[in-house]
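Before any comments, here is the structure.
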Amino acid sequence: MARRQPERPATANAATIRGIYECLLAAYGPQHWWPADTPTEMVIGAILTQNTAWTNVERAIQNLRQAGCLTLAALRRTPDEKLARLIQPSGTYRVKAARLRAFVEHVWGHFDGSLDAMLTGELGVVRRRLLGIHGIGPETADCILLYAGGHPSFVVDAYTKRILRRHFLIAPTAGYDEIRDLFHAALTPDPVVFNEYHALLVAVGKDHCRAKAVCEDCPLEHLPHDE
DNA sequence: TGCCAGGCCGGGT
DNA sequence: ACCCGGCATGGC
(Lines give C-alpha, C1' and ligand atoms only; values in the text may rest on other atoms or scores of the structure.)
Protein backbone atom coordinates (compact mmCIF):
# COMPACT_ATOMS: atom_id res chain seq x y z
CA MET A 1 0.00 0.00 0.00
CA ALA A 2 1.47 3.32 -1.10
CA ARG A 3 1.63 6.12 1.39
CA ARG A 4 -0.69 9.04 0.92
CA GLN A 5 0.95 11.56 -1.38
CA PRO A 6 1.10 15.32 -0.74
CA GLU A 7 -1.72 17.20 -2.43
CA ARG A 8 0.79 19.08 -4.55
CA PRO A 9 4.10 17.72 -5.81
CA ALA A 10 6.79 18.19 -3.18
CA THR A 11 9.21 19.51 -5.79
CA ALA A 12 6.90 22.40 -6.70
CA ASN A 13 6.57 23.45 -3.09
CA ALA A 14 10.30 23.03 -2.60
CA ALA A 15 11.03 25.45 -5.44
CA THR A 16 8.63 27.97 -3.91
CA ILE A 17 10.25 27.55 -0.50
CA ARG A 18 13.63 28.33 -2.03
CA GLY A 19 12.19 31.26 -3.97
CA ILE A 20 10.70 32.81 -0.84
CA TYR A 21 14.11 32.73 0.79
CA GLU A 22 15.76 34.55 -2.10
CA CYS A 23 12.96 37.08 -2.17
CA LEU A 24 13.10 37.83 1.56
CA LEU A 25 16.89 38.00 1.58
CA ALA A 26 16.77 40.51 -1.26
CA ALA A 27 14.13 42.57 0.55
CA TYR A 28 15.57 42.55 4.08
CA GLY A 29 19.22 41.51 3.83
CA PRO A 30 20.99 39.25 6.33
CA GLN A 31 19.48 39.38 9.83
CA HIS A 32 22.44 37.96 11.77
CA TRP A 33 20.39 36.19 14.41
CA TRP A 34 20.03 35.23 17.29
CA PRO A 35 20.05 38.59 19.12
CA ALA A 36 22.20 37.43 22.06
CA ASP A 37 25.85 37.73 23.11
CA THR A 38 26.36 34.16 24.31
CA PRO A 39 24.79 30.71 23.82
CA THR A 40 23.49 30.82 27.38
CA GLU A 41 21.80 34.16 26.79
CA MET A 42 20.35 32.70 23.60
CA VAL A 43 18.79 29.79 25.46
CA ILE A 44 17.36 32.09 28.10
CA GLY A 45 15.85 34.30 25.40
CA ALA A 46 14.35 31.31 23.62
CA ILE A 47 12.49 30.26 26.75
CA LEU A 48 11.46 33.78 27.70
CA THR A 49 10.05 34.59 24.27
CA GLN A 50 7.54 31.74 24.29
CA ASN A 51 4.24 33.37 23.30
CA THR A 52 5.70 36.74 24.24
CA ALA A 53 6.67 39.93 22.41
CA TRP A 54 10.45 40.29 22.12
CA THR A 55 10.41 43.81 23.58
CA ASN A 56 9.22 42.33 26.87
CA VAL A 57 11.94 39.70 26.73
CA GLU A 58 14.56 42.43 26.31
CA ARG A 59 13.51 44.00 29.61
CA ALA A 60 13.79 40.67 31.36
CA ILE A 61 17.22 39.99 29.85
CA GLN A 62 18.39 43.42 30.96
CA ASN A 63 17.25 42.67 34.50
CA LEU A 64 19.13 39.37 34.42
CA ARG A 65 22.22 41.12 33.06
CA GLN A 66 22.19 43.75 35.80
CA ALA A 67 21.79 41.01 38.39
CA GLY A 68 24.67 39.06 36.87
CA CYS A 69 22.35 36.17 36.06
CA LEU A 70 23.18 35.49 32.42
CA THR A 71 25.28 32.41 33.13
CA LEU A 72 23.91 28.99 33.96
CA ALA A 73 25.95 28.89 37.15
CA ALA A 74 24.49 32.20 38.32
CA LEU A 75 20.97 31.17 37.37
CA ARG A 76 21.45 27.98 39.29
CA ARG A 77 22.14 29.76 42.56
CA THR A 78 19.33 32.30 42.11
CA PRO A 79 16.24 31.44 44.18
CA ASP A 80 12.95 30.92 42.35
CA GLU A 81 11.34 34.04 43.79
CA LYS A 82 14.22 36.29 42.78
CA LEU A 83 14.43 34.72 39.33
CA ALA A 84 10.69 35.16 38.79
CA ARG A 85 10.95 38.80 39.83
CA LEU A 86 13.83 39.47 37.41
CA ILE A 87 12.01 37.97 34.43
CA GLN A 88 8.62 39.38 35.35
CA PRO A 89 8.38 41.75 32.32
CA SER A 90 8.43 38.78 29.98
CA GLY A 91 5.10 37.52 31.32
CA THR A 92 4.13 34.01 32.56
CA TYR A 93 7.13 34.50 34.83
CA ARG A 94 6.44 31.74 37.33
CA VAL A 95 6.12 29.24 34.52
CA LYS A 96 9.27 30.51 32.82
CA ALA A 97 11.28 30.55 36.04
CA ALA A 98 10.47 26.86 36.44
CA ARG A 99 11.45 26.19 32.81
CA LEU A 100 14.77 27.97 33.17
CA ARG A 101 15.33 25.96 36.34
CA ALA A 102 14.55 22.69 34.59
CA PHE A 103 16.99 23.51 31.79
CA VAL A 104 19.82 24.48 34.15
CA GLU A 105 19.33 21.41 36.30
CA HIS A 106 19.37 19.17 33.24
CA VAL A 107 22.69 20.62 32.10
CA TRP A 108 24.11 20.14 35.59
CA GLY A 109 22.67 16.72 36.12
CA HIS A 110 23.72 15.21 32.79
CA PHE A 111 26.55 17.36 31.41
CA ASP A 112 28.40 18.66 34.43
CA GLY A 113 27.21 22.21 33.76
CA SER A 114 28.50 22.33 30.17
CA LEU A 115 25.97 23.73 27.70
CA ASP A 116 28.42 23.01 24.90
CA ALA A 117 28.56 19.33 25.84
CA MET A 118 24.80 19.06 26.08
CA LEU A 119 24.40 20.54 22.58
CA THR A 120 27.04 18.26 21.06
CA GLY A 121 26.07 15.10 19.17
CA GLU A 122 23.87 13.94 16.34
CA LEU A 123 21.02 16.33 15.58
CA GLY A 124 18.23 13.86 16.29
CA VAL A 125 19.80 12.80 19.54
CA VAL A 126 20.29 16.34 20.82
CA ARG A 127 16.78 17.28 19.68
CA ARG A 128 15.16 14.46 21.65
CA ARG A 129 17.35 15.40 24.59
CA LEU A 130 16.03 18.97 24.51
CA LEU A 131 12.41 17.88 24.04
CA GLY A 132 12.75 15.77 27.17
CA ILE A 133 13.28 18.87 29.30
CA HIS A 134 10.15 20.31 30.87
CA GLY A 135 9.21 23.53 29.09
CA ILE A 136 11.15 22.85 25.90
CA GLY A 137 8.76 22.17 23.01
CA PRO A 138 9.59 21.74 19.32
CA GLU A 139 10.07 25.41 18.46
CA THR A 140 12.25 26.20 21.46
CA ALA A 141 14.26 23.02 20.86
CA ASP A 142 14.88 23.92 17.22
CA CYS A 143 15.84 27.49 18.16
CA ILE A 144 18.40 26.20 20.62
CA LEU A 145 19.69 23.57 18.19
CA LEU A 146 20.11 26.13 15.42
CA TYR A 147 21.15 29.32 17.17
CA ALA A 148 23.10 27.96 20.13
CA GLY A 149 24.21 24.59 18.79
CA GLY A 150 24.81 25.38 15.12
CA HIS A 151 22.72 22.37 14.06
CA PRO A 152 20.72 22.54 10.79
CA SER A 153 17.31 22.26 12.45
CA PHE A 154 14.67 24.51 10.91
CA VAL A 155 12.57 26.61 13.29
CA VAL A 156 8.82 26.77 12.67
CA ASP A 157 6.94 29.53 14.45
CA ALA A 158 3.55 31.21 14.23
CA TYR A 159 4.75 33.52 11.45
CA THR A 160 6.05 30.59 9.43
CA LYS A 161 2.70 28.82 9.65
CA ARG A 162 0.73 31.96 8.78
CA ILE A 163 2.90 32.81 5.79
CA LEU A 164 2.93 29.27 4.38
CA ARG A 165 -0.80 28.91 4.88
CA ARG A 166 -1.48 32.28 3.30
CA HIS A 167 0.39 31.18 0.21
CA PHE A 168 -1.22 27.73 0.07
CA LEU A 169 2.02 25.87 0.76
CA ILE A 170 0.59 23.91 3.69
CA ALA A 171 -2.81 22.71 4.77
CA PRO A 172 -4.44 24.77 7.55
CA THR A 173 -4.14 21.74 9.82
CA ALA A 174 -0.46 21.02 9.12
CA GLY A 175 1.47 20.09 12.23
CA TYR A 176 4.87 21.29 13.41
CA ASP A 177 6.99 18.41 12.16
CA GLU A 178 5.22 18.37 8.82
CA ILE A 179 6.08 22.03 8.22
CA ARG A 180 9.64 21.55 9.40
CA ASP A 181 10.03 18.59 7.04
CA LEU A 182 8.94 20.80 4.15
CA PHE A 183 11.91 23.13 4.73
CA HIS A 184 14.31 20.25 5.32
CA ALA A 185 13.23 18.69 2.02
CA ALA A 186 13.56 21.95 0.09
CA LEU A 187 16.90 23.21 1.43
CA THR A 188 20.39 21.84 1.87
CA PRO A 189 20.94 21.46 5.62
CA ASP A 190 23.06 24.57 6.02
CA PRO A 191 22.84 26.18 9.47
CA VAL A 192 23.65 29.59 7.97
CA VAL A 193 20.70 29.39 5.56
CA PHE A 194 18.34 27.99 8.22
CA ASN A 195 19.44 30.77 10.55
CA GLU A 196 18.73 33.53 8.05
CA TYR A 197 15.54 32.01 6.72
CA HIS A 198 13.80 31.80 10.06
CA ALA A 199 14.94 35.31 11.00
CA LEU A 200 13.67 36.63 7.66
CA LEU A 201 10.28 34.99 8.17
CA VAL A 202 10.01 36.74 11.53
CA ALA A 203 11.03 40.04 9.93
CA VAL A 204 8.41 39.84 7.18
CA GLY A 205 5.89 38.46 9.64
CA LYS A 206 6.27 41.41 11.97
CA ASP A 207 5.93 43.83 9.08
CA HIS A 208 3.07 42.23 7.17
CA CYS A 209 1.62 39.12 8.70
CA ARG A 210 0.55 39.65 12.29
CA ALA A 211 -2.64 37.89 13.34
CA LYS A 212 -5.15 40.47 12.19
CA ALA A 213 -3.07 42.33 9.66
CA VAL A 214 -3.51 42.22 5.91
CA CYS A 215 -0.41 41.89 3.78
CA GLU A 216 0.09 45.16 1.94
CA ASP A 217 3.28 45.89 0.05
CA CYS A 218 4.56 42.54 1.26
CA PRO A 219 7.70 41.25 -0.50
CA LEU A 220 5.78 38.01 -1.10
CA GLU A 221 2.73 39.65 -2.58
CA HIS A 222 3.59 38.37 -6.06
CA LEU A 223 2.83 34.83 -4.85
CA PRO A 224 -0.71 33.47 -4.90
CA HIS A 225 -2.36 34.27 -1.57
CA ASP A 226 -5.74 34.40 0.13
CA GLU A 227 -7.72 37.48 1.29
C1' DT B 1 -10.73 48.30 25.84
C1' DG B 2 -9.54 44.12 24.15
C1' DC B 3 -6.45 41.48 21.51
C1' DC B 4 -1.94 40.05 20.56
C1' DA B 5 3.00 38.35 21.01
C1' DG B 6 9.07 34.45 17.74
C1' DG B 7 4.67 28.31 23.07
C1' DC B 8 4.10 24.72 26.17
C1' DC B 9 1.86 21.81 29.55
C1' DG B 10 -1.83 19.07 31.65
C1' DG B 11 -6.32 17.35 31.83
C1' DG B 12 -10.23 16.08 29.34
C1' DT B 13 -12.48 13.85 25.30
C1' DA C 1 -4.60 11.67 18.64
C1' DC C 2 -6.60 16.27 19.08
C1' DC C 3 -8.74 20.22 21.89
C1' DC C 4 -8.73 23.70 25.33
C1' DG C 5 -7.77 26.60 29.39
C1' DG C 6 -4.03 28.54 31.99
C1' DC C 7 -0.03 31.19 32.29
C1' DA C 8 0.82 37.15 32.50
C1' DT C 9 3.36 41.11 30.83
C1' DG C 10 3.59 45.54 27.89
C1' DG C 11 2.05 47.70 23.24
C1' DC C 12 -1.10 49.24 20.16
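By order of appearance in the C-alpha coordinates: chains A, B, ..., then residues from 1 within every chain, and ligands from 1 in the order shown.
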Show me a table, sorted first by chain and then by increasing residue number, of the residues of chain B having an atom at most 9 Å from chain A, each with its shortest atom pair and the distance in Å to one decimal, counting only C-alpha atoms (C1' of nucleotides) and written as a Markdown table.
| residue | atom | partner | partner_atom | distance |
| --- | --- | --- | --- | --- |
| B:DC4 | C1' | A:Ala211 | CA | 7.6 |
| B:DA5 | C1' | A:Ala53 | CA | 4.2 |
| B:DG6 | C1' | A:Asp157 | CA | 6.3 |
| B:DG7 | C1' | A:Gln50 | CA | 4.6 |
| B:DC8 | C1' | A:Gly135 | CA | 6.0 |
| B:DC9 | C1' | A:Gly135 | CA | 7.6 |
Please tabulate, as JSON lines, the residues of chain C that come within 7 Å of chain A, each with its closest pair of atoms and the distance in Å to one decimal, counting only C-alpha atoms (C1' of nucleotides) and ordering rows by chain, then residue number upward.
{"residue": "C:DC7", "atom": "C1'", "partner": "A:Thr92", "partner_atom": "CA", "distance": 5.0}
{"residue": "C:DA8", "atom": "C1'", "partner": "A:Gly91", "partner_atom": "CA", "distance": 4.5}
{"residue": "C:DT9", "atom": "C1'", "partner": "A:Gly91", "partner_atom": "CA", "distance": 4.0}
{"residue": "C:DG10", "atom": "C1'", "partner": "A:Asn56", "partner_atom": "CA", "distance": 6.6}
Original post:
Neighbours of stretch 2-4 of chain C within 10 Å (only C-alpha atoms (C1' of nucleotides); same-chain residues fewer than 2 positions away dropped), as a ChimeraX atom specification?
Top reply: /B:11-13 /C:6
Next, the residues of the selection above should be written as a tab-separated table (two decimals), in the first residue's frame with N, CA and C atoms (P, O5', C5', C4', C3', O3' and C1' of nucleotides).
chain	number	residue	atom	x	y	z
B	11	DG	P	-2.61	16.86	35.17
B	11	DG	O5'	-4.12	16.96	34.72
B	11	DG	C5'	-4.85	18.17	34.89
B	11	DG	C4'	-6.08	18.13	34.02
B	11	DG	C3'	-6.84	16.79	34.07
B	11	DG	O3'	-8.22	17.05	34.22
B	11	DG	C1'	-6.32	17.35	31.83
B	12	DG	P	-9.29	15.95	34.50
B	12	DG	O5'	-10.10	15.92	33.15
B	12	DG	C5'	-10.78	17.10	32.71
B	12	DG	C4'	-11.15	16.94	31.27
B	12	DG	C3'	-11.93	15.65	30.99
B	12	DG	O3'	-13.29	15.97	30.71
B	12	DG	C1'	-10.23	16.08	29.34
B	13	DT	P	-14.38	14.88	30.32
B	13	DT	O5'	-14.32	15.09	28.77
B	13	DT	C5'	-14.83	14.13	27.90
B	13	DT	C4'	-14.39	14.47	26.48
B	13	DT	C3'	-14.81	13.36	25.51
B	13	DT	O3'	-15.66	13.93	24.52
B	13	DT	C1'	-12.48	13.85	25.30
C	6	DG	P	-9.23	29.10	32.38
C	6	DG	O5'	-7.67	29.01	32.67
C	6	DG	C5'	-7.17	27.92	33.45
C	6	DG	C4'	-5.67	28.02	33.57
C	6	DG	C3'	-5.16	29.44	33.88
C	6	DG	O3'	-4.28	29.37	34.99
C	6	DG	C1'	-4.03	28.54	31.99
Original post:
Where does DSSP see alpha helix (DSSP H) in stretch 32-192 of chain A, if you list the residues as number ranges by chain?
Top reply: A: 39-48, 54-66, 72-76, 80-86, 93-111, 115-118, 123-131, 138-143, 158-166, 176-186, 191-192
Subject >> Nearest to A:Gly29 by atom-to-atom distance, counting only C-alpha atoms, from A:Ile170, A:Val204, A:Leu70, A:Ala148 >> reply: A:Val204
